[in-house]
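See below for query.txt, which holds compact mmCIF, C-alpha atoms.
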# COMPACT_ATOMS: atom_id res chain seq x y z
CA MET A 12 32.45 73.56 -9.99
CA ALA A 13 31.73 76.57 -12.12
CA ILE A 14 28.03 77.15 -12.66
CA GLU A 15 27.18 78.52 -16.05
CA GLY A 16 24.37 80.95 -16.70
CA VAL A 17 22.79 78.75 -19.39
CA ASP A 18 22.55 75.88 -16.91
CA ILE A 19 20.79 78.01 -14.28
CA VAL A 20 18.35 79.35 -16.85
CA LYS A 21 17.51 75.80 -17.94
CA ALA A 22 17.05 74.70 -14.33
CA ALA A 23 14.69 77.60 -13.69
CA ALA A 24 12.70 76.78 -16.83
CA TYR A 25 12.24 73.16 -15.66
CA ILE A 26 11.12 74.19 -12.18
CA GLY A 27 8.82 76.78 -13.73
CA ALA A 28 7.27 74.16 -16.01
CA GLY A 29 6.61 71.85 -13.07
CA ILE A 30 5.05 74.61 -10.97
CA SER A 31 3.00 75.90 -13.91
CA MET A 32 1.38 72.57 -14.72
CA GLY A 33 1.13 71.38 -11.11
CA PHE A 34 -0.64 74.39 -9.63
CA GLY A 35 -2.44 75.08 -12.89
CA ALA A 36 -4.17 71.71 -12.67
CA ILE A 37 -5.87 72.39 -9.32
CA GLY A 38 -8.49 74.93 -10.38
CA PRO A 39 -9.80 73.34 -13.59
CA GLY A 40 -10.06 69.95 -11.85
CA ILE A 41 -12.20 71.32 -9.03
CA GLY A 42 -14.24 73.59 -11.31
CA GLU A 43 -15.03 70.86 -13.82
CA GLY A 44 -16.03 68.59 -10.96
CA MET A 45 -18.47 71.25 -9.71
CA ALA A 46 -19.99 71.55 -13.19
CA ALA A 47 -20.41 67.78 -13.39
CA ALA A 48 -21.90 67.71 -9.88
CA LYS A 49 -24.54 70.30 -10.71
CA ALA A 50 -25.32 68.57 -14.01
CA CYS A 51 -25.91 65.29 -12.13
CA GLU A 52 -28.22 67.09 -9.69
CA ALA A 53 -30.12 68.69 -12.55
CA ILE A 54 -30.60 65.42 -14.43
CA GLY A 55 -31.80 63.85 -11.18
CA LYS A 56 -34.50 66.54 -11.02
CA ASN A 57 -35.36 66.72 -14.69
CA PRO A 58 -34.22 63.63 -16.58
CA LYS A 59 -35.99 64.58 -19.81
CA GLU A 60 -33.50 67.37 -20.45
CA ALA A 61 -30.48 65.03 -20.16
CA GLY A 62 -29.18 65.89 -23.63
CA LEU A 63 -29.36 69.65 -23.13
CA LEU A 64 -27.83 69.40 -19.64
CA THR A 65 -24.95 67.22 -20.83
CA ARG A 66 -24.19 69.66 -23.66
CA THR A 67 -24.23 72.64 -21.31
CA MET A 68 -22.00 70.79 -18.84
CA LEU A 69 -19.46 69.94 -21.54
CA VAL A 70 -19.35 73.51 -22.86
CA GLY A 71 -18.93 74.87 -19.33
CA GLN A 72 -16.21 72.36 -18.59
CA ALA A 73 -14.45 73.18 -21.85
CA VAL A 74 -14.27 76.82 -20.76
CA ALA A 75 -13.02 75.81 -17.29
CA GLU A 76 -10.45 73.56 -18.96
CA SER A 77 -8.95 76.50 -20.84
CA THR A 78 -6.75 77.63 -17.93
CA GLY A 79 -5.48 74.07 -17.57
CA ILE A 80 -4.55 74.14 -21.25
CA TYR A 81 -2.84 77.53 -20.81
CA SER A 82 -0.76 75.91 -18.02
CA LEU A 83 0.08 73.01 -20.31
CA VAL A 84 1.09 75.36 -23.14
CA ILE A 85 3.27 77.46 -20.83
CA ALA A 86 4.87 74.31 -19.39
CA LEU A 87 5.63 72.99 -22.88
CA LEU A 88 6.98 76.39 -23.96
CA LEU A 89 9.24 76.46 -20.90
CA LEU A 90 10.45 72.94 -21.63
CA PHE A 91 11.04 73.10 -25.37
CA VAL A 92 11.03 76.67 -26.69
CA VAL A 93 12.38 79.20 -24.20
CA MET B 1408 31.70 77.09 9.86
CA ALA B 1409 31.33 73.66 8.27
CA TYR B 1410 29.41 70.79 9.81
CA ASP B 1411 30.07 67.11 9.11
CA VAL B 1412 27.66 64.88 7.19
CA GLN B 1413 26.36 63.19 10.35
CA THR B 1414 25.13 66.56 11.65
CA TRP B 1415 23.22 67.28 8.46
CA VAL B 1416 21.67 63.79 8.51
CA SER B 1417 20.46 64.41 12.08
CA VAL B 1418 19.08 67.80 11.10
CA ALA B 1419 17.17 66.20 8.21
CA ALA B 1420 15.85 63.37 10.42
CA LEU B 1421 14.54 65.76 13.05
CA SER B 1422 12.96 68.20 10.61
CA GLY B 1423 11.53 65.31 8.58
CA GLY B 1424 9.99 63.84 11.72
CA GLY B 1425 8.50 67.20 12.61
CA MET B 1426 7.00 67.63 9.14
CA ALA B 1427 5.56 64.10 9.15
CA MET B 1428 3.69 64.58 12.40
CA GLY B 1429 2.90 68.28 12.00
CA PHE B 1430 1.28 68.04 8.57
CA GLY B 1431 0.00 64.54 9.33
CA ALA B 1432 -2.08 65.79 12.24
CA ILE B 1433 -4.10 68.31 10.19
CA GLY B 1434 -6.43 65.97 8.32
CA ALA B 1435 -7.32 63.51 11.06
CA ALA B 1436 -8.23 66.31 13.47
CA ILE B 1437 -10.52 68.03 10.95
CA GLY B 1438 -12.17 64.75 9.96
CA GLU B 1439 -12.76 63.66 13.55
CA GLY B 1440 -14.09 67.06 14.52
CA TYR B 1441 -16.54 66.93 11.62
CA THR B 1442 -17.69 63.47 12.72
CA ALA B 1443 -18.19 64.60 16.30
CA ALA B 1444 -20.15 67.65 15.16
CA ARG B 1445 -22.51 65.54 13.05
CA ALA B 1446 -22.83 62.98 15.87
CA ASN B 1447 -23.98 65.72 18.23
CA GLU B 1448 -26.46 66.96 15.67
CA ALA B 1449 -27.76 63.41 15.28
CA ILE B 1450 -28.10 62.83 19.03
CA SER B 1451 -30.02 66.06 19.46
CA ARG B 1452 -32.42 64.88 16.76
CA ASN B 1453 -32.85 61.39 18.18
CA PRO B 1454 -31.59 61.18 21.79
CA GLU B 1455 -32.86 57.61 22.29
CA LEU B 1456 -30.22 56.31 19.89
CA SER B 1457 -27.35 58.11 21.59
CA GLY B 1458 -25.58 54.81 22.39
CA ASP B 1459 -25.48 53.60 18.77
CA ILE B 1460 -24.58 57.01 17.41
CA PHE B 1461 -21.79 57.39 19.94
CA LYS B 1462 -20.39 53.98 18.98
CA THR B 1463 -20.53 54.83 15.26
CA MET B 1464 -18.81 58.13 15.92
CA LEU B 1465 -15.94 56.37 17.70
CA VAL B 1466 -15.53 53.75 14.95
CA GLY B 1467 -15.54 56.45 12.26
CA GLN B 1468 -13.05 58.57 14.17
CA ALA B 1469 -10.77 55.57 14.66
CA ILE B 1470 -10.56 55.11 10.87
CA ALA B 1471 -9.92 58.82 10.32
CA GLU B 1472 -7.17 58.57 12.94
CA SER B 1473 -5.31 55.78 11.14
CA ALA B 1474 -3.56 58.06 8.64
CA SER B 1475 -2.14 60.21 11.39
CA ILE B 1476 -0.99 57.07 13.21
CA PHE B 1477 1.02 56.20 10.07
CA ALA B 1478 2.51 59.70 10.34
CA LEU B 1479 3.32 59.10 14.02
CA VAL B 1480 5.09 55.84 13.17
CA ILE B 1481 7.23 57.53 10.49
CA ALA B 1482 7.98 60.45 12.84
CA MET B 1483 9.11 58.06 15.59
CA MET B 1484 11.30 56.13 13.13
CA LEU B 1485 12.92 59.36 11.95
CA LEU B 1486 13.51 60.54 15.52
CA PHE B 1487 14.94 57.38 17.06
CA THR B 1488 16.77 55.52 14.26
CA LYS B 1489 20.51 55.97 13.84
CA PHE B 1490 20.92 56.72 10.14
CA ALA B 1491 24.08 56.20 8.09
CA ALA B 1492 26.23 59.28 7.61
CA HIS B 1493 25.74 59.64 3.87
CA ILE B 1494 24.83 62.90 2.22
CA LEU B 1495 21.92 61.30 0.29
CA MET B 1496 20.25 60.44 3.61
CA VAL B 1497 19.37 64.16 3.91
CA PRO B 1498 16.86 64.17 1.00
CA VAL B 1499 15.71 60.65 1.95
CA LEU B 1500 14.70 61.73 5.46
CA LEU B 1501 13.14 65.01 4.35
CA GLY B 1502 11.30 63.27 1.51
CA ALA B 1503 9.95 60.50 3.74
CA GLY B 1504 8.71 63.02 6.30
CA LEU B 1505 7.09 65.22 3.67
CA ALA B 1506 5.47 62.25 1.88
CA MET B 1507 3.85 60.86 5.02
CA GLY B 1508 2.89 64.23 6.50
CA MET B 1509 1.17 65.54 3.35
CA GLY B 1510 -0.15 62.08 2.50
CA ALA B 1511 -2.14 61.88 5.73
CA ILE B 1512 -4.13 65.11 5.23
CA GLY B 1513 -6.64 63.98 2.61
CA ALA B 1514 -7.28 60.57 4.13
CA GLY B 1515 -8.05 62.06 7.55
CA VAL B 1516 -10.49 64.67 6.29
CA GLY B 1517 -12.00 62.29 3.75
CA ALA B 1518 -12.70 59.52 6.26
CA GLY B 1519 -14.49 62.02 8.50
CA TYR B 1520 -17.15 62.78 5.85
CA PRO B 1521 -18.81 59.33 5.63
CA ALA B 1522 -18.49 58.87 9.40
CA GLY B 1523 -20.40 62.10 10.02
CA ALA B 1524 -23.05 61.24 7.43
CA CYS B 1525 -23.42 57.78 8.98
CA CYS B 1526 -24.17 59.32 12.42
CA THR B 1527 -26.83 61.59 10.91
CA GLY B 1528 -28.24 58.69 8.92
CA MET B 1529 -28.63 56.52 12.01
CA ALA B 1530 -30.68 59.19 13.74
CA ARG B 1531 -32.89 59.50 10.68
CA GLN B 1532 -33.25 55.84 9.75
CA PRO B 1533 -32.29 53.63 12.73
CA ALA B 1534 -33.35 50.40 10.99
CA MET B 1535 -30.61 50.88 8.36
CA GLY B 1536 -27.85 51.15 10.99
CA GLY B 1537 -26.03 48.02 9.85
CA ARG B 1538 -26.03 48.95 6.18
CA LEU B 1539 -24.94 52.51 6.98
CA THR B 1540 -22.03 51.28 9.07
CA THR B 1541 -20.95 48.91 6.29
CA ASN B 1542 -21.00 51.72 3.72
CA MET B 1543 -19.13 54.01 6.07
CA LEU B 1544 -16.43 51.38 6.62
CA ILE B 1545 -16.00 50.61 2.90
CA GLY B 1546 -16.05 54.28 1.99
CA SER B 1547 -13.51 55.37 4.58
CA ALA B 1548 -11.28 52.39 3.80
CA VAL B 1549 -11.01 53.61 0.20
CA CYS B 1550 -10.10 57.09 1.52
CA GLN B 1551 -7.15 55.55 3.35
CA THR B 1552 -5.53 54.09 0.22
CA PRO B 1553 -3.64 57.26 -0.80
CA ALA B 1554 -2.27 57.55 2.76
CA ILE B 1555 -1.09 53.95 2.45
CA PHE B 1556 0.61 54.83 -0.88
CA ALA B 1557 2.41 57.64 0.95
CA LEU B 1558 3.40 55.26 3.75
CA VAL B 1559 4.78 52.75 1.22
CA VAL B 1560 6.85 55.48 -0.48
CA ALA B 1561 8.15 56.68 2.90
CA PHE B 1562 9.20 53.13 3.85
CA ILE B 1563 10.85 52.47 0.46
CA LEU B 1564 12.79 55.72 0.79
CA LEU B 1565 13.95 54.83 4.30
CA PHE B 1566 14.99 51.25 3.51
CA THR B 1567 16.56 51.65 0.06
CA ASP B 1568 20.32 51.92 -0.10
CA PHE B 1569 21.09 54.97 -2.21
CA SER B 1570 24.78 55.09 -1.21
CA GLN B 1571 25.96 53.79 -4.63
CA SER B 1572 23.96 56.39 -6.58
CA PRO B 1573 25.53 59.67 -7.75
CA VAL B 1574 24.66 62.48 -5.32
CA SER B 1575 23.47 64.72 -8.16
CA PRO B 1576 20.80 64.24 -9.54
CA THR B 1577 19.68 61.45 -7.15
CA TRP B 1578 19.00 63.94 -4.33
CA ALA B 1579 16.38 65.67 -6.47
CA ALA B 1580 14.80 62.40 -7.59
CA ILE B 1581 14.40 61.31 -3.95
CA LEU B 1582 12.91 64.61 -2.85
CA GLY B 1583 10.65 64.67 -5.92
CA ALA B 1584 9.40 61.16 -5.15
CA GLY B 1585 8.43 62.23 -1.62
CA ILE B 1586 6.67 65.40 -2.83
CA SER B 1587 4.79 63.53 -5.56
CA ALA B 1588 3.47 60.78 -3.28
CA GLY B 1589 2.66 63.17 -0.42
CA PHE B 1590 0.84 65.98 -2.24
CA GLY B 1591 -0.69 63.54 -4.71
CA ALA B 1592 -2.56 61.84 -1.86
CA ILE B 1593 -4.41 64.94 -0.63
CA GLY B 1594 -7.05 65.20 -3.35
CA SER B 1595 -7.86 61.51 -3.64
CA GLY B 1596 -8.50 61.16 0.08
CA LEU B 1597 -10.82 64.19 0.09
CA GLY B 1598 -12.63 63.27 -3.12
CA GLY B 1599 -13.22 59.68 -2.06
CA GLY B 1600 -14.68 60.95 1.21
CA LEU B 1601 -17.18 63.22 -0.56
CA VAL B 1602 -18.55 60.29 -2.59
CA ALA B 1603 -18.81 58.04 0.48
CA GLN B 1604 -20.60 60.80 2.41
CA ALA B 1605 -23.27 61.04 -0.29
CA SER B 1606 -23.77 57.27 -0.18
CA CYS B 1607 -24.43 57.25 3.59
CA GLU B 1608 -26.79 60.22 3.28
CA GLY B 1609 -28.56 58.60 0.35
CA ILE B 1610 -29.14 55.25 2.05
CA ALA B 1611 -30.55 57.02 5.11
CA ARG B 1612 -32.92 58.97 2.88
CA GLN B 1613 -34.06 56.07 0.73
CA PRO B 1614 -33.04 52.62 2.09
CA LEU B 1615 -34.32 50.78 -1.00
CA THR B 1616 -31.61 52.33 -3.14
CA ALA B 1617 -28.77 50.84 -1.08
CA THR B 1618 -27.46 48.55 -3.83
CA PRO B 1619 -27.18 51.01 -6.77
CA VAL B 1620 -25.92 53.70 -4.38
CA THR B 1621 -23.12 51.45 -3.10
CA ASN B 1622 -22.15 50.35 -6.62
CA VAL B 1623 -21.93 53.89 -7.97
CA MET B 1624 -20.11 55.01 -4.82
CA LEU B 1625 -17.40 52.42 -5.44
CA LEU B 1626 -17.15 53.41 -9.12
CA GLY B 1627 -16.93 57.11 -8.27
CA GLN B 1628 -14.36 56.52 -5.54
CA ALA B 1629 -12.25 54.39 -7.86
CA VAL B 1630 -12.08 57.28 -10.33
CA THR B 1631 -11.00 59.70 -7.57
CA GLN B 1632 -8.10 57.40 -6.70
CA THR B 1633 -6.61 57.51 -10.22
CA THR B 1634 -4.60 60.70 -9.75
CA ALA B 1635 -3.07 59.33 -6.53
CA ILE B 1636 -2.02 56.31 -8.59
CA TYR B 1637 -0.38 58.59 -11.21
CA ALA B 1638 1.47 60.29 -8.35
CA LEU B 1639 2.58 56.91 -6.97
CA LEU B 1640 3.77 55.91 -10.46
CA VAL B 1641 5.86 59.07 -10.87
CA SER B 1642 7.25 58.56 -7.39
CA PHE B 1643 8.27 54.95 -8.18
CA ILE B 1644 9.93 56.01 -11.45
CA LEU B 1645 11.89 58.69 -9.59
CA MET B 1646 13.01 56.24 -6.90
CA PHE B 1647 13.92 53.24 -9.06
CA LYS B 1648 15.25 54.71 -12.31
CA THR B 1649 19.02 55.13 -12.36
CA PHE B 1650 20.08 58.60 -13.43
CA PRO B 1651 23.56 59.37 -14.83
CA ALA B 1652 25.80 61.52 -12.63
CA THR B 1653 25.91 65.20 -13.57
CA ASP B 1654 27.60 68.41 -12.48
CA LEU B 1655 24.91 70.60 -14.00
CA ILE B 1656 21.98 72.12 -12.13
CA ALA B 1657 19.31 71.61 -14.78
CA PRO B 1658 18.95 67.76 -14.65
CA PRO B 1659 18.26 67.56 -10.88
CA MET B 1660 15.83 70.49 -11.12
CA ALA B 1661 13.92 68.67 -13.88
CA LEU B 1662 13.41 65.67 -11.55
CA LEU B 1663 12.37 67.87 -8.62
CA ALA B 1664 9.94 69.72 -10.91
CA ALA B 1665 8.47 66.38 -12.08
CA GLY B 1666 7.62 65.53 -8.46
CA ILE B 1667 6.10 68.97 -7.78
CA CYS B 1668 4.14 68.91 -11.04
CA MET B 1669 2.54 65.50 -10.49
CA GLY B 1670 2.03 65.92 -6.74
CA ILE B 1671 0.29 69.30 -6.81
CA GLY B 1672 -1.41 68.55 -10.13
CA ALA B 1673 -3.16 65.51 -8.65
CA ILE B 1674 -5.03 67.51 -5.99
CA GLY B 1675 -7.61 69.39 -8.07
CA PRO B 1676 -8.85 66.66 -10.44
CA ALA B 1677 -9.40 64.23 -7.55
CA ILE B 1678 -11.45 66.76 -5.56
CA GLY B 1679 -13.46 67.64 -8.67
CA GLU B 1680 -14.14 63.98 -9.43
CA GLY B 1681 -15.25 63.55 -5.83
CA LEU B 1682 -17.74 66.42 -6.20
CA ALA B 1683 -19.16 64.88 -9.38
CA GLY B 1684 -19.41 61.46 -7.72
CA GLN B 1685 -21.07 62.98 -4.66
CA SER B 1686 -23.88 64.54 -6.68
CA ALA B 1687 -24.37 61.47 -8.86
CA VAL B 1688 -24.74 59.23 -5.80
CA ALA B 1689 -27.14 61.72 -4.18
CA GLY B 1690 -29.18 61.81 -7.39
CA ILE B 1691 -29.41 58.03 -7.57
CA ALA B 1692 -30.60 57.89 -3.97
CA ARG B 1693 -33.44 60.28 -4.87
CA ASN B 1694 -34.39 58.74 -8.16
CA GLN B 1695 -33.02 55.29 -8.78
CA GLU B 1696 -34.70 54.82 -12.14
CA HIS B 1697 -32.08 57.11 -13.62
CA VAL B 1698 -29.03 55.13 -12.53
CA ALA B 1699 -27.83 54.70 -16.12
CA GLU B 1700 -28.08 58.38 -17.12
CA LEU B 1701 -26.51 59.60 -13.89
CA THR B 1702 -23.65 57.09 -13.98
CA ARG B 1703 -22.89 57.96 -17.60
CA LEU B 1704 -22.94 61.70 -16.90
CA MET B 1705 -20.79 61.23 -13.78
CA LEU B 1706 -18.18 59.32 -15.78
CA VAL B 1707 -18.16 61.86 -18.62
CA GLY B 1708 -17.80 64.73 -16.14
CA GLN B 1709 -15.07 62.93 -14.24
CA ALA B 1710 -13.22 62.16 -17.47
CA VAL B 1711 -13.10 65.89 -18.29
CA ALA B 1712 -11.95 66.71 -14.74
CA GLU B 1713 -9.26 64.04 -15.07
CA SER B 1714 -7.72 65.76 -18.10
CA THR B 1715 -5.63 68.26 -16.13
CA GLY B 1716 -4.30 65.38 -14.01
CA ILE B 1717 -3.21 63.69 -17.23
CA TYR B 1718 -1.53 66.90 -18.45
CA SER B 1719 0.43 66.92 -15.17
CA LEU B 1720 1.44 63.30 -15.71
CA VAL B 1721 2.56 64.08 -19.27
CA ILE B 1722 4.66 67.08 -18.16
CA ALA B 1723 6.16 65.03 -15.30
CA LEU B 1724 7.11 62.21 -17.68
CA ILE B 1725 8.59 64.70 -20.18
CA LEU B 1726 10.63 66.22 -17.35
CA ILE B 1727 11.94 62.78 -16.34
CA PHE B 1728 12.51 61.11 -19.71
CA VAL B 1729 12.82 63.79 -22.40
CA VAL B 1730 14.56 66.95 -21.20

Target encoding structure tokens, full file:
Amino acid sequence: MAIEGVDIVKAAAYIGAGISMGFGAIGPGIGEGMAAAKACEAIGKNPKEAGLLTRTMLVGQAVAESTGIYSLVIALLLLFVV
Amino acid sequence: MAYDVQTWVSVAALSGGGMAMGFGAIGAAIGEGYTAARANEAISRNPELSGDIFKTMLVGQAIAESASIFALVIAMMLLFTKFAAHILMVPVLLGAGLAMGMGAIGAGVGAGYPAGACCTGMARQPAMGGRLTTNMLIGSAVCQTPAIFALVVAFILLFTDFSQSPVSPTWAAILGAGISAGFGAIGSGLGGGLVAQASCEGIARQPLTATPVTNVMLLGQAVTQTTAIYALLVSFILMFKTFPATDLIAPPMALLAAGICMGIGAIGPAIGEGLAGQSAVAGIARNQEHVAELTRLMLVGQAVAESTGIYSLVIALILIFVV
């Protein structure tokens, strides 16, 4: 069977999308878990500041999430745009 | 130099068996070593209890061992079964070996954490020995579930007849199913173990908190298992959906990529959720009046950590159903 260039390019884009989102999900998951862990510890020590600590945790996690979102964007670009 | 199909099937069976046992041995060994180390620490602190601690160590190690026994069973089956000479048996055997080998890593390490903490806890608080052992057993049993998912996928792969399916893209779907179930099990086993470890440590520190600690442990562990369940779901879809035959390269690669995406993508969120659960349980053991705040914060934190696992699921489903 004759393999066409377009087909190979598509195949590479699919594999790239899978690798991008798969590996890209490792770091944010662990990092956000660490943020949540420390927030739990802090509330255990100082429950009065629960509101402040939760807000800080969520902002920190949102920043850690950004690389996960970059991976998602790149995966979607590979799937639908490139 | 061309070899016949039977030769390639044998090659796949032998390499699959090697992968199953080779990767499958990593986790159990680390987990058992960790347990033994903590048992020694505990005995040096409280030598009079050496008998009880030794017994607990052996029970804990036996549970950590179970995942690698699954891997041994799959390896033996791959080595000594005569498989049909069909080209699709090559990805089946490689996928089954990879699924079980990778799937045993997290469960082995994870089950070692509560076992080690239980040994330390016994030395510190001998009166709570029974409760500690119960928590250790429940906690390490939950850690084994992703390894059992991997075992189920390996068995389904080995006993399903794929001979009527088109070679392309079924080969990629089979391999993707094995990768998804195998890698997807690593994080959930580890994360579940972290939460169970904190519960054993917490009960030893403050026996009165045993009930809320156990409840939150189970909740936290349940959340860590979710990404392994996504991986199992993707693996089932890849195994049981019928795909139209194709001569192109792109469709099989999309299926393989779906397996890689969900399998690898499940590792991080589950470990992160385990870390969050670990600290929440430890906090409750110190200060049980704040169960509500800590549980709520744990769940919010875990929900954020889960998001990248859900992105992986979405990309995997797009790869299977849309492109």

Check every residue of chain A for an atom within 7 Å of chain B, counting only C-alpha atoms, and provide those that qualify as JSON, numbers by chain. {"A": [18, 19, 21, 22, 25, 26, 29, 30, 32, 33, 34, 36, 37, 38, 40, 41, 42, 43, 44, 45, 47, 48, 51, 52, 55, 79, 83]}

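If you look at atom CA of B:Lys1489 and atom CA of B:Phe1566, they are 12.6 Å away from each other.
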
Could you check how far atom CA of B:Ala1580 sits from atom CA of B:Tyr1637, in Å to one decimal? 16.1 Å

By how many Å are atom CA of B:Ala1522 and atom CA of B:Val1480 apart? 24.1 Å

Using all atoms listed in the file, pick whichever of A:Ile85, A:Ala75, A:Ala61, A:Met68 has the shortest atom-to-atom distance to A:Ala28.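 Comparing A:Ile85, A:Ala75, A:Ala61, A:Met68 against A:Ala28, the winner is A:Ile85.
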
Can you pull out the residues contacting stretch 1526-1542 of chain B? Cut-off 9 Å, using all atoms listed in the file, and skip same-chain residues under 3 positions away; I want them as a PyMOL selection string. chain B and resi 1442-1443+1445-1457+1459-1461+1463-1464+1467+1521-1523+1545-1547+1603+1606-1612+1614+1617+1621

Identify which of the residues B:Ala1635, B:Leu1558, B:Val1549, B:Leu1421 lies closest to B:Leu1486, counting all atoms listed in the file when measuring atom-to-atom distances. B:Leu1421

My structure is short of atoms at stretch 1409-1425 of chain B; please model N, CA, C and O atoms there, returning them as a PDB file, keeping the file's coordinate frame.
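Done, and the output landed in selection.pdb:
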ATOM      1  N   ALA B1409      31.819  74.813   9.034  1.00  0.00           N
ATOM      2  CA  ALA B1409      31.330  73.660   8.270  1.00  0.00           C
ATOM      3  C   ALA B1409      30.953  72.533   9.232  1.00  0.00           C
ATOM      4  O   ALA B1409      31.672  72.273  10.197  1.00  0.00           O
ATOM      5  N   TYR B1410      29.817  71.929   8.981  1.00  0.00           N
ATOM      6  CA  TYR B1410      29.410  70.790   9.810  1.00  0.00           C
ATOM      7  C   TYR B1410      29.662  69.502   9.057  1.00  0.00           C
ATOM      8  O   TYR B1410      29.684  69.489   7.831  1.00  0.00           O
ATOM      9  N   ASP B1411      29.843  68.383   9.796  1.00  0.00           N
ATOM     10  CA  ASP B1411      30.070  67.110   9.110  1.00  0.00           C
ATOM     11  C   ASP B1411      28.733  66.530   8.635  1.00  0.00           C
ATOM     12  O   ASP B1411      27.659  67.021   8.988  1.00  0.00           O
ATOM     13  N   VAL B1412      28.850  65.465   7.816  1.00  0.00           N
ATOM     14  CA  VAL B1412      27.660  64.880   7.190  1.00  0.00           C
ATOM     15  C   VAL B1412      26.685  64.358   8.241  1.00  0.00           C
ATOM     16  O   VAL B1412      25.466  64.526   8.127  1.00  0.00           O
ATOM     17  N   GLN B1413      27.229  63.762   9.310  1.00  0.00           N
ATOM     18  CA  GLN B1413      26.360  63.190  10.350  1.00  0.00           C
ATOM     19  C   GLN B1413      25.434  64.261  10.934  1.00  0.00           C
ATOM     20  O   GLN B1413      24.255  64.011  11.195  1.00  0.00           O
ATOM     21  N   THR B1414      25.953  65.467  11.103  1.00  0.00           N
ATOM     22  CA  THR B1414      25.130  66.560  11.650  1.00  0.00           C
ATOM     23  C   THR B1414      23.973  66.868  10.718  1.00  0.00           C
ATOM     24  O   THR B1414      22.823  66.997  11.153  1.00  0.00           O
ATOM     25  N   TRP B1415      24.279  66.951   9.409  1.00  0.00           N
ATOM     26  CA  TRP B1415      23.220  67.280   8.460  1.00  0.00           C
ATOM     27  C   TRP B1415      22.171  66.177   8.397  1.00  0.00           C
ATOM     28  O   TRP B1415      20.978  66.459   8.265  1.00  0.00           O
ATOM     29  N   VAL B1416      22.630  64.896   8.521  1.00  0.00           N
ATOM     30  CA  VAL B1416      21.670  63.790   8.510  1.00  0.00           C
ATOM     31  C   VAL B1416      20.744  63.901   9.727  1.00  0.00           C
ATOM     32  O   VAL B1416      19.524  63.725   9.617  1.00  0.00           O
ATOM     33  N   SER B1417      21.305  64.243  10.885  1.00  0.00           N
ATOM     34  CA  SER B1417      20.460  64.410  12.080  1.00  0.00           C
ATOM     35  C   SER B1417      19.480  65.553  11.905  1.00  0.00           C
ATOM     36  O   SER B1417      18.296  65.440  12.261  1.00  0.00           O
ATOM     37  N   VAL B1418      19.966  66.649  11.338  1.00  0.00           N
ATOM     38  CA  VAL B1418      19.080  67.800  11.100  1.00  0.00           C
ATOM     39  C   VAL B1418      17.904  67.380  10.219  1.00  0.00           C
ATOM     40  O   VAL B1418      16.739  67.673  10.503  1.00  0.00           O
ATOM     41  N   ALA B1419      18.228  66.620   9.136  1.00  0.00           N
ATOM     42  CA  ALA B1419      17.170  66.200   8.210  1.00  0.00           C
ATOM     43  C   ALA B1419      16.200  65.249   8.901  1.00  0.00           C
ATOM     44  O   ALA B1419      14.985  65.330   8.697  1.00  0.00           O
ATOM     45  N   ALA B1420      16.727  64.334   9.748  1.00  0.00           N
ATOM     46  CA  ALA B1420      15.850  63.370  10.420  1.00  0.00           C
ATOM     47  C   ALA B1420      14.887  64.098  11.350  1.00  0.00           C
ATOM     48  O   ALA B1420      13.678  63.803  11.369  1.00  0.00           O
ATOM     49  N   LEU B1421      15.405  65.070  12.090  1.00  0.00           N
ATOM     50  CA  LEU B1421      14.540  65.760  13.050  1.00  0.00           C
ATOM     51  C   LEU B1421      13.531  66.652  12.347  1.00  0.00           C
ATOM     52  O   LEU B1421      12.347  66.671  12.708  1.00  0.00           O
ATOM     53  N   SER B1422      13.966  67.364  11.296  1.00  0.00           N
ATOM     54  CA  SER B1422      12.960  68.200  10.610  1.00  0.00           C
ATOM     55  C   SER B1422      11.973  67.335   9.841  1.00  0.00           C
ATOM     56  O   SER B1422      10.787  67.661   9.775  1.00  0.00           O
ATOM     57  N   GLY B1423      12.456  66.217   9.272  1.00  0.00           N
ATOM     58  CA  GLY B1423      11.530  65.310   8.580  1.00  0.00           C
ATOM     59  C   GLY B1423      10.491  64.746   9.531  1.00  0.00           C
ATOM     60  O   GLY B1423       9.299  64.685   9.221  1.00  0.00           O
ATOM     61  N   GLY B1424      10.926  64.365  10.724  1.00  0.00           N
ATOM     62  CA  GLY B1424       9.990  63.840  11.720  1.00  0.00           C
ATOM     63  C   GLY B1424       8.963  64.890  12.116  1.00  0.00           C
ATOM     64  O   GLY B1424       7.766  64.605  12.251  1.00  0.00           O
ATOM     65  N   GLY B1425       9.427  66.120  12.271  1.00  0.00           N
ATOM     66  CA  GLY B1425       8.500  67.200  12.610  1.00  0.00           C
ATOM     67  C   GLY B1425       7.478  67.434  11.519  1.00  0.00           C
ATOM     68  O   GLY B1425       6.280  67.585  11.793  1.00  0.00           O
TER      69      GLY B1425
END
